[in-house]
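Accompanying notes for the structure given below.
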Amino acid sequence: MKSDVVIVGGGVNGCALAYRLAKKGLKVILVERRFLTSGATGACGAGIRQQWSTKENTKLAIDSVKHFEKFSRELGMDIDFRQGGYLIINHDEKEVEQSKKNIKMQRSLGLDVRFIDRDEINDIVPILDVEGMHAIGATFCPTDGHANPFKTTFALAKAARRYGANIMTHTTLTDIVVENHRVKKVKTTNGSIETDAVVNAAGAWSKKIAEMVGIDIPNTPFRKEIMVTERLKLMFEAMVISFKDGIYFSQQKEGHILGGLPIPEEREGYNFMPTFMFLTHMAKTLTRYVPSLKYINMVRHWTGFYDVTPDARPILGESEEVKGFIHCHGFSGHGFMLSPKVSEVLAEYIADDKKDEILDSLSLKRFKTGKFTREKSVVG
Ligand SMILES: Cc1cc2nc3c(=O)[nH]c(=O)nc-3n(C[C@H](O)[C@H](O)[C@H](O)COP(=O)(O)OP(=O)(O)OC[C@H]3O[C@@H](n4cnc5c(N)ncnc54)[C@H](O)[C@@H]3O)c2cc1C
């Protein structure tokens, strides 16, 4: 087999890139060792937020929302994109100070975001107990929202196939052959593929893929737990989030409350068993935020992996050491929401030789030079 590009990983990022590249006329093969969405994508909350502390994440998210707004029509399948906003709870003056700094930067990029006084919080989400969650204010962006991660990924994969991409599920990438510092070929459980370009979109397993070409990346897998309650009548539209308590939750259009938070002693590693500690910690925190949920049943609880980098920002772009090896990983807890723009930027680089400046600021090199700024607006 031969291909212009081989993409490793059938999550939202791999499928979005397959779609963009195939649409540009490139021959694309995507290999996924299990099924599409079997990684973090199928486990995620699929929240879409533009309120970040770093310019890069904010820009990527703003541009991604513009794509999400068009995706259902463009891809020919409803991805359940809804814009109910994100309400970020502030608990102390330090958080308020950081929020006001963030808002200034976000507004300079054209984002409609504002600071909300304590008394206004219930105008946006009436069921919140402002006292119980120790809120002194919040920030709110009405164009934030969420989409269905399965429908989004399948819609992208389907569109990619329509443009001729070959999406090979149940196919594991086992090795990458490099000659004279250039990618030549990949080996998979379903045969070898000659190619000049391999994209590492393997999420929490990206480190293992990078090792195949002798590159060490500073990514660490962290288990994250998430739960869903039984269906309730529709009560609120915004995603509620607190960086201090680590909690996030929203109500899905079918009525379920979906949310998560990190357990206090979470450690790195590929440990995917759900914990009882999560259930108690989540129940306690959620009912402190919304006491009326006390008698509601959780119906399911599952885990997935964050692929965490030292600055909680993705690693993107072509390797300097191995020509044709392209990084698309390290999304930490926000790879779903950034995927539309990330895939656009990488597709333009691969197909059109056009280099967006974000590929410099988010290159792997930043960890060698030490020139990086940590994203502050993250949970756990
Ligand atoms: C509980 C939880 C909640 C989250 N909430 C949000 C949220 O609200 N908003 C948001 O934007 N993000 C969220 N995230 C993060 C988001 O899910 C990820 O950043 C995003 O899905 C990453 O997508 P991906 O395509 O890069 O990787 P993945 O979806 O992880 O896909 C990587 C794929 O690579 C495959 N693979 C690995 N090794 C190989 C190999 N050798 N050969 C072939 N295939 C291989 C895996 O099977 C996997 O399917 C959350 C994550 C979790 C776990």
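We name chains A, B, ... following the order of the structure tokens; residues begin at 1 in each chain, and ligands are numbered from 1 as shown.
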Which residues are near ligand 1 - at most 7 Å, using only C-alpha atoms and all ligand atoms? Format: as a tab-separated table (two decimals) with N, CA, C and O atoms, in the first residue's frame.
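Generated output (selection04.tsv):
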```
chain	number	residue	atom	x	y	z
A	8	VAL	N	-2.28	8.26	12.52
A	8	VAL	CA	-2.42	7.24	13.56
A	8	VAL	C	-3.41	7.75	14.60
A	8	VAL	O	-3.16	8.75	15.26
A	9	GLY	N	-4.54	7.07	14.74
A	9	GLY	CA	-5.52	7.44	15.75
A	9	GLY	C	-6.85	7.85	15.16
A	9	GLY	O	-6.93	8.80	14.39
A	10	GLY	N	-7.89	7.12	15.56
A	10	GLY	CA	-9.25	7.40	15.06
A	10	GLY	C	-10.11	8.10	16.08
A	10	GLY	O	-11.26	7.76	16.29
A	11	GLY	N	-9.53	9.13	16.72
A	11	GLY	CA	-10.32	10.01	17.59
A	11	GLY	C	-10.75	11.22	16.77
A	11	GLY	O	-10.61	11.24	15.54
A	12	VAL	N	-11.25	12.23	17.46
A	12	VAL	CA	-11.76	13.40	16.74
A	12	VAL	C	-10.65	14.10	15.95
A	12	VAL	O	-10.88	14.59	14.84
A	13	ASN	N	-9.43	14.13	16.51
A	13	ASN	CA	-8.36	14.84	15.80
A	13	ASN	C	-7.91	14.10	14.55
A	13	ASN	O	-7.73	14.71	13.49
A	14	GLY	N	-7.73	12.77	14.66
A	14	GLY	CA	-7.33	11.99	13.48
A	14	GLY	C	-8.38	12.08	12.39
A	14	GLY	O	-8.06	12.29	11.21
A	31	VAL	N	-5.16	4.87	10.49
A	31	VAL	CA	-5.19	3.57	11.16
A	31	VAL	C	-5.61	3.74	12.62
A	31	VAL	O	-5.10	4.61	13.32
A	32	GLU	N	-6.56	2.93	13.03
A	32	GLU	CA	-7.08	2.98	14.41
A	32	GLU	C	-7.06	1.55	14.95
A	32	GLU	O	-7.64	0.66	14.35
A	33	ARG	N	-6.40	1.36	16.07
A	33	ARG	CA	-6.22	-0.03	16.54
A	33	ARG	C	-7.52	-0.67	17.04
A	33	ARG	O	-7.64	-1.87	17.05
A	34	ARG	N	-8.49	0.14	17.48
A	34	ARG	CA	-9.76	-0.44	17.94
A	34	ARG	C	-10.87	0.08	17.02
A	34	ARG	O	-10.89	-0.23	15.85
A	35	PHE	N	-11.75	0.91	17.54
A	35	PHE	CA	-12.82	1.48	16.70
A	35	PHE	C	-12.76	3.00	16.83
A	35	PHE	O	-12.17	3.52	17.78
A	36	LEU	N	-13.40	3.71	15.93
A	36	LEU	CA	-13.39	5.17	15.99
A	36	LEU	C	-14.04	5.62	17.31
A	36	LEU	O	-15.05	5.04	17.72
A	37	THR	N	-13.45	6.60	17.95
A	37	THR	CA	-13.87	7.16	19.26
A	37	THR	C	-13.52	6.25	20.45
A	37	THR	O	-14.01	6.48	21.55
A	38	SER	N	-12.70	5.21	20.23
A	38	SER	CA	-12.41	4.31	21.35
A	38	SER	C	-11.40	4.90	22.34
A	38	SER	O	-11.17	4.33	23.41
A	39	GLY	N	-10.78	6.04	22.01
A	39	GLY	CA	-9.84	6.70	22.94
A	39	GLY	C	-10.56	7.75	23.77
A	39	GLY	O	-11.74	7.59	24.13
A	40	ALA	N	-9.87	8.84	24.06
A	40	ALA	CA	-10.44	9.90	24.91
A	40	ALA	C	-11.71	10.49	24.30
A	40	ALA	O	-12.64	10.87	25.02
A	41	THR	N	-11.77	10.52	22.97
A	41	THR	CA	-12.92	11.17	22.32
A	41	THR	C	-14.25	10.56	22.77
A	41	THR	O	-15.20	11.28	23.06
A	42	GLY	N	-14.28	9.24	22.83
A	42	GLY	CA	-15.53	8.57	23.20
A	42	GLY	C	-15.82	8.64	24.70
A	42	GLY	O	-16.89	8.23	25.15
A	43	ALA	N	-14.87	9.13	25.48
A	43	ALA	CA	-15.06	9.23	26.93
A	43	ALA	C	-15.35	10.65	27.37
A	43	ALA	O	-15.63	10.90	28.53
A	44	CYS	N	-15.26	11.60	26.44
A	44	CYS	CA	-15.16	13.00	26.88
A	44	CYS	C	-16.49	13.69	27.12
A	44	CYS	O	-17.55	13.23	26.72
A	45	GLY	N	-16.39	14.85	27.79
A	45	GLY	CA	-17.57	15.67	28.08
A	45	GLY	C	-18.00	16.49	26.88
A	45	GLY	O	-19.11	16.99	26.83
A	46	ALA	N	-17.07	16.64	25.91
A	46	ALA	CA	-17.35	17.35	24.65
A	46	ALA	C	-17.80	18.79	24.86
A	46	ALA	O	-18.57	19.32	24.06
A	47	GLY	N	-17.31	19.39	25.94
A	47	GLY	CA	-17.57	20.81	26.14
A	47	GLY	C	-16.69	21.62	25.20
A	47	GLY	O	-15.59	21.20	24.84
A	48	ILE	N	-17.23	22.78	24.80
A	48	ILE	CA	-16.50	23.64	23.85
A	48	ILE	C	-16.42	25.03	24.45
A	48	ILE	O	-17.42	25.73	24.57
A	171	THR	N	-6.75	-1.83	13.28
A	171	THR	CA	-5.44	-1.88	12.64
A	171	THR	C	-4.46	-1.08	13.52
A	171	THR	O	-4.63	0.13	13.69
A	172	THR	N	-3.48	-1.78	14.05
A	172	THR	CA	-2.53	-1.13	14.96
A	172	THR	C	-1.25	-0.74	14.23
A	172	THR	O	-0.70	-1.54	13.48
A	173	LEU	N	-0.79	0.46	14.46
A	173	LEU	CA	0.52	0.87	13.94
A	173	LEU	C	1.57	0.23	14.84
A	173	LEU	O	1.54	0.43	16.06
A	174	THR	N	2.50	-0.53	14.24
A	174	THR	CA	3.47	-1.25	15.07
A	174	THR	C	4.88	-0.66	14.95
A	174	THR	O	5.71	-0.84	15.84
A	201	ALA	N	-1.59	11.16	15.98
A	201	ALA	CA	-2.82	11.64	16.65
A	201	ALA	C	-3.34	10.54	17.56
A	201	ALA	O	-4.53	10.24	17.59
A	202	ALA	N	-2.40	9.92	18.28
A	202	ALA	CA	-2.75	8.74	19.08
A	202	ALA	C	-3.09	9.08	20.52
A	202	ALA	O	-3.07	8.21	21.40
A	203	GLY	N	-3.41	10.33	20.80
A	203	GLY	CA	-3.89	10.72	22.13
A	203	GLY	C	-2.92	10.31	23.23
A	203	GLY	O	-1.70	10.55	23.14
A	204	ALA	N	-3.44	9.67	24.26
A	204	ALA	CA	-2.63	9.30	25.42
A	204	ALA	C	-1.57	8.25	25.11
A	204	ALA	O	-0.74	7.93	25.96
A	205	TRP	N	-1.61	7.71	23.88
A	205	TRP	CA	-0.61	6.71	23.47
A	205	TRP	C	0.41	7.33	22.52
A	205	TRP	O	1.24	6.63	21.93
A	206	SER	N	0.39	8.65	22.38
A	206	SER	CA	1.29	9.33	21.44
A	206	SER	C	2.76	9.14	21.78
A	206	SER	O	3.61	9.10	20.89
A	209	ILE	N	4.09	6.16	20.10
A	209	ILE	CA	4.26	6.35	18.64
A	209	ILE	C	5.53	7.18	18.38
A	209	ILE	O	6.32	6.85	17.51
A	223	ARG	N	-5.70	9.28	34.07
A	223	ARG	CA	-7.09	8.81	34.05
A	223	ARG	C	-8.02	9.95	34.51
A	223	ARG	O	-7.70	10.67	35.45
A	224	LYS	N	-9.15	10.09	33.82
A	224	LYS	CA	-10.17	11.05	34.24
A	224	LYS	C	-11.50	10.32	34.30
A	224	LYS	O	-11.79	9.49	33.44
A	225	GLU	N	-12.29	10.65	35.31
A	225	GLU	CA	-13.57	9.97	35.48
A	225	GLU	C	-14.71	10.93	35.23
A	225	GLU	O	-14.60	12.13	35.48
A	226	ILE	N	-15.79	10.38	34.77
A	226	ILE	CA	-16.93	11.21	34.36
A	226	ILE	C	-18.21	10.40	34.57
A	226	ILE	O	-18.17	9.16	34.52
A	260	GLY	N	-17.84	15.76	35.61
A	260	GLY	CA	-16.74	15.06	36.24
A	260	GLY	C	-15.92	15.98	37.11
A	260	GLY	O	-16.17	17.18	37.18
A	303	THR	N	-14.27	6.02	32.52
A	303	THR	CA	-12.97	6.71	32.54
A	303	THR	C	-12.44	6.91	31.13
A	303	THR	O	-12.85	6.23	30.19
A	304	GLY	N	-11.50	7.83	31.02
A	304	GLY	CA	-10.77	8.05	29.77
A	304	GLY	C	-9.46	8.69	30.14
A	304	GLY	O	-9.22	8.98	31.33
A	305	PHE	N	-8.60	8.92	29.16
A	305	PHE	CA	-7.29	9.48	29.49
A	305	PHE	C	-7.08	10.87	28.92
A	305	PHE	O	-7.35	11.11	27.74
A	306	TYR	N	-6.57	11.76	29.77
A	306	TYR	CA	-6.02	13.02	29.28
A	306	TYR	C	-4.59	12.71	28.83
A	306	TYR	O	-3.91	11.90	29.46
A	307	ASP	N	-4.15	13.39	27.80
A	307	ASP	CA	-2.76	13.28	27.31
A	307	ASP	C	-2.12	14.63	27.67
A	307	ASP	O	-2.20	15.59	26.92
A	328	CYS	N	0.48	15.80	16.64
A	328	CYS	CA	-0.89	16.31	16.79
A	328	CYS	C	-1.44	15.65	18.07
A	328	CYS	O	-2.27	14.76	18.03
A	329	HIS	N	-0.92	16.07	19.20
A	329	HIS	CA	-1.27	15.40	20.47
A	329	HIS	C	-1.03	16.35	21.63
A	329	HIS	O	-0.74	17.53	21.44
A	331	PHE	N	-3.24	17.18	23.96
A	331	PHE	CA	-4.38	18.09	24.09
A	331	PHE	C	-4.87	18.25	25.53
A	331	PHE	O	-5.79	19.03	25.78
A	332	SER	N	-4.28	17.51	26.44
A	332	SER	CA	-4.68	17.59	27.85
A	332	SER	C	-6.19	17.40	27.93
A	332	SER	O	-6.69	16.45	27.36
A	333	GLY	N	-6.94	18.34	28.54
A	333	GLY	CA	-8.39	18.12	28.68
A	333	GLY	C	-9.21	18.85	27.65
A	333	GLY	O	-10.40	19.07	27.85
A	334	HIS	N	-8.61	19.26	26.51
A	334	HIS	CA	-9.39	20.12	25.61
A	334	HIS	C	-9.19	19.83	24.12
A	334	HIS	O	-9.27	20.72	23.29
A	335	GLY	N	-8.95	18.56	23.80
A	335	GLY	CA	-8.69	18.20	22.40
A	335	GLY	C	-9.91	18.11	21.53
A	335	GLY	O	-9.82	18.19	20.31
A	336	PHE	N	-11.08	17.91	22.17
A	336	PHE	CA	-12.29	17.85	21.34
A	336	PHE	C	-12.57	19.25	20.79
A	336	PHE	O	-12.74	19.45	19.59
A	337	MET	N	-12.60	20.22	21.69
A	337	MET	CA	-13.00	21.58	21.28
A	337	MET	C	-12.02	22.26	20.33
A	337	MET	O	-12.40	23.14	19.58
A	338	LEU	N	-10.74	21.84	20.36
A	338	LEU	CA	-9.75	22.51	19.50
A	338	LEU	C	-9.59	21.83	18.14
A	338	LEU	O	-8.96	22.37	17.24
```
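Shell of Asp112 in chain A at 10 Å, with only C-alpha atoms counted and residues fewer than 3 places along the chain excluded, is Gln50, Gln51, Ile103, Gln106, Arg107, Ser108, Leu109, Phe140, Cys141, Pro142, Thr143 and Asp144 of chain A.
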- Task: List the neighbours of Phe367 in chain A out to 9 Å using only C-alpha atoms; skip same-chain residues closer than 5 positions along the sequence, and give me the result as a ChimeraX atom specification.
- Result: /A:218,310,372
Please produce a file of those selected residues containing all heavy atoms, as a short mmCIF file (atom, residue, chain, number, x, y, z; two decimals), in the first residue's frame.
```cif
data_model
loop_
_atom_site.label_atom_id
_atom_site.label_comp_id
_atom_site.auth_asym_id
_atom_site.auth_seq_id
_atom_site.Cartn_x
_atom_site.Cartn_y
_atom_site.Cartn_z
N PRO A 218 7.12 15.02 26.13
CA PRO A 218 6.91 15.13 27.59
C PRO A 218 5.46 14.89 28.01
O PRO A 218 4.99 15.52 28.96
CB PRO A 218 7.34 16.58 27.86
CG PRO A 218 6.94 17.30 26.62
CD PRO A 218 7.12 16.35 25.47
N PRO A 310 3.40 19.53 29.81
CA PRO A 310 3.79 20.37 30.95
C PRO A 310 3.11 21.74 30.98
O PRO A 310 3.01 22.35 32.06
CB PRO A 310 5.30 20.53 30.76
CG PRO A 310 5.71 19.33 29.98
CD PRO A 310 4.56 19.02 29.06
N PHE A 372 7.83 28.59 27.34
CA PHE A 372 6.41 28.27 27.23
C PHE A 372 5.64 28.85 28.42
O PHE A 372 6.22 29.10 29.47
CB PHE A 372 6.16 26.76 27.10
CG PHE A 372 6.68 25.92 28.22
CD1 PHE A 372 5.91 25.71 29.35
CD2 PHE A 372 7.94 25.33 28.15
CE1 PHE A 372 6.38 24.92 30.39
CE2 PHE A 372 8.43 24.55 29.19
CZ PHE A 372 7.64 24.34 30.31
#
```
- Item | Backbone-only DSSP, alpha helix (DSSP H) members of range 202-275 of chain A, as a ChimeraX atom specification | /A:206-211
Can you write out the residues you just picked, keeping N, CA and C atoms, as an mmCIF file, in the first residue's frame?
```cif
data_model
loop_
_atom_site.group_PDB
_atom_site.id
_atom_site.type_symbol
_atom_site.label_atom_id
_atom_site.label_comp_id
_atom_site.auth_asym_id
_atom_site.auth_seq_id
_atom_site.Cartn_x
_atom_site.Cartn_y
_atom_site.Cartn_z
ATOM 1 N N SER A 206 0.391 8.649 22.381
ATOM 2 C CA SER A 206 1.288 9.334 21.439
ATOM 3 C C SER A 206 2.757 9.137 21.777
ATOM 4 N N LYS A 207 3.046 9.028 23.073
ATOM 5 C CA LYS A 207 4.444 8.869 23.483
ATOM 6 C C LYS A 207 5.037 7.600 22.857
ATOM 7 N N LYS A 208 4.227 6.541 22.829
ATOM 8 C CA LYS A 208 4.703 5.269 22.273
ATOM 9 C C LYS A 208 4.933 5.392 20.762
ATOM 10 N N ILE A 209 4.094 6.160 20.098
ATOM 11 C CA ILE A 209 4.261 6.348 18.641
ATOM 12 C C ILE A 209 5.525 7.175 18.383
ATOM 13 N N ALA A 210 5.746 8.234 19.174
ATOM 14 C CA ALA A 210 6.937 9.077 18.997
ATOM 15 C C ALA A 210 8.214 8.272 19.261
ATOM 16 N N GLU A 211 8.138 7.347 20.207
ATOM 17 C CA GLU A 211 9.314 6.509 20.506
ATOM 18 C C GLU A 211 9.726 5.679 19.295
#
```
- Message: Quick one: residues within 12 Å of range 374-379 of chain A, only C-alpha atoms, excluding same-chain residues fewer than 6 positions away - as a PyMOL selection string?
- Response: chain A and resi 49-58+88-90+95+98-99+101-103+139+224+240-249+259-264+306+308-314+331-334+362+366-367
Next, write the just-selected residues to a file, as a JSON list (two decimals), in the first residue's frame, keeping C-alpha atoms as the atom set.
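File written: selection.json
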```json
[["chain", "number", "residue", "atom", "x", "y", "z"],
["A", 49, "ARG", "CA", -15.03, 26.63, 25.64],
["A", 50, "GLN", "CA", -13.29, 29.72, 24.35],
["A", 51, "GLN", "CA", -12.37, 31.15, 27.77],
["A", 52, "TRP", "CA", -8.66, 30.40, 28.21],
["A", 53, "SER", "CA", -5.73, 32.19, 29.82],
["A", 54, "THR", "CA", -3.30, 31.76, 26.90],
["A", 55, "LYS", "CA", -3.75, 33.48, 23.57],
["A", 56, "GLU", "CA", -3.03, 30.32, 21.55],
["A", 57, "ASN", "CA", -5.75, 28.25, 23.19],
["A", 58, "THR", "CA", -8.22, 31.14, 22.99],
["A", 88, "ILE", "CA", -16.82, 29.73, 35.17],
["A", 89, "ILE", "CA", -17.28, 30.11, 38.91],
["A", 90, "ASN", "CA", -14.80, 32.31, 40.84],
["A", 95, "GLU", "CA", -9.44, 34.05, 40.73],
["A", 98, "GLN", "CA", -7.07, 36.29, 36.82],
["A", 99, "SER", "CA", -10.56, 36.24, 35.25],
["A", 101, "LYS", "CA", -7.03, 39.59, 32.98],
["A", 102, "ASN", "CA", -8.33, 36.71, 30.84],
["A", 103, "ILE", "CA", -11.44, 38.64, 29.81],
["A", 139, "THR", "CA", -17.30, 34.70, 33.91],
["A", 224, "LYS", "CA", -10.17, 11.05, 34.24],
["A", 240, "VAL", "CA", -20.80, 25.11, 34.94],
["A", 241, "ILE", "CA", -17.13, 24.82, 35.80],
["A", 242, "SER", "CA", -14.83, 25.61, 38.71],
["A", 243, "PHE", "CA", -11.04, 25.43, 38.41],
["A", 244, "LYS", "CA", -10.67, 25.47, 42.18],
["A", 245, "ASP", "CA", -13.01, 22.54, 42.89],
["A", 246, "GLY", "CA", -12.17, 20.85, 39.59],
["A", 247, "ILE", "CA", -15.84, 20.20, 38.84],
["A", 248, "TYR", "CA", -17.62, 20.67, 35.51],
["A", 249, "PHE", "CA", -21.18, 19.71, 34.57],
["A", 259, "GLY", "CA", -19.97, 15.93, 34.57],
["A", 260, "GLY", "CA", -16.74, 15.06, 36.24],
["A", 261, "LEU", "CA", -13.95, 16.12, 38.53],
["A", 262, "PRO", "CA", -10.50, 14.75, 39.34],
["A", 263, "ILE", "CA", -10.10, 12.63, 42.46],
["A", 264, "PRO", "CA", -7.61, 14.20, 44.89],
["A", 306, "TYR", "CA", -6.02, 13.02, 29.28],
["A", 308, "VAL", "CA", -1.16, 15.98, 29.47],
["A", 309, "THR", "CA", 1.77, 18.24, 28.51],
["A", 310, "PRO", "CA", 3.79, 20.37, 30.95],
["A", 311, "ASP", "CA", 1.94, 23.56, 29.90],
["A", 312, "ALA", "CA", -1.48, 21.97, 29.23],
["A", 313, "ARG", "CA", -1.32, 23.01, 25.58],
["A", 314, "PRO", "CA", -1.07, 20.74, 22.53],
["A", 331, "PHE", "CA", -4.38, 18.09, 24.09],
["A", 332, "SER", "CA", -4.68, 17.59, 27.85],
["A", 333, "GLY", "CA", -8.39, 18.12, 28.68],
["A", 334, "HIS", "CA", -9.39, 20.12, 25.61],
["A", 362, "LEU", "CA", 3.05, 25.13, 19.93],
["A", 366, "ARG", "CA", 9.27, 25.00, 23.35],
["A", 367, "PHE", "CA", 10.01, 22.36, 26.00]]
```
- Message: From a backbone DSSP assignment, name each residue in range 143-262 of chain A labelled strand (DSSP E), as an MDAnalysis selection string.
- Response: chainID A and resid 145:146 166:168 173:179 182:188 191:194 197:200 220:229 239:241 248:251 257:260
- Item | Residue neighbourhood range 318-327 of chain A, 6 Å, only C-alpha atoms, exclusion window fewer than 5 positions, as a PyMOL selection string | chain A and resi 181-183+196-200
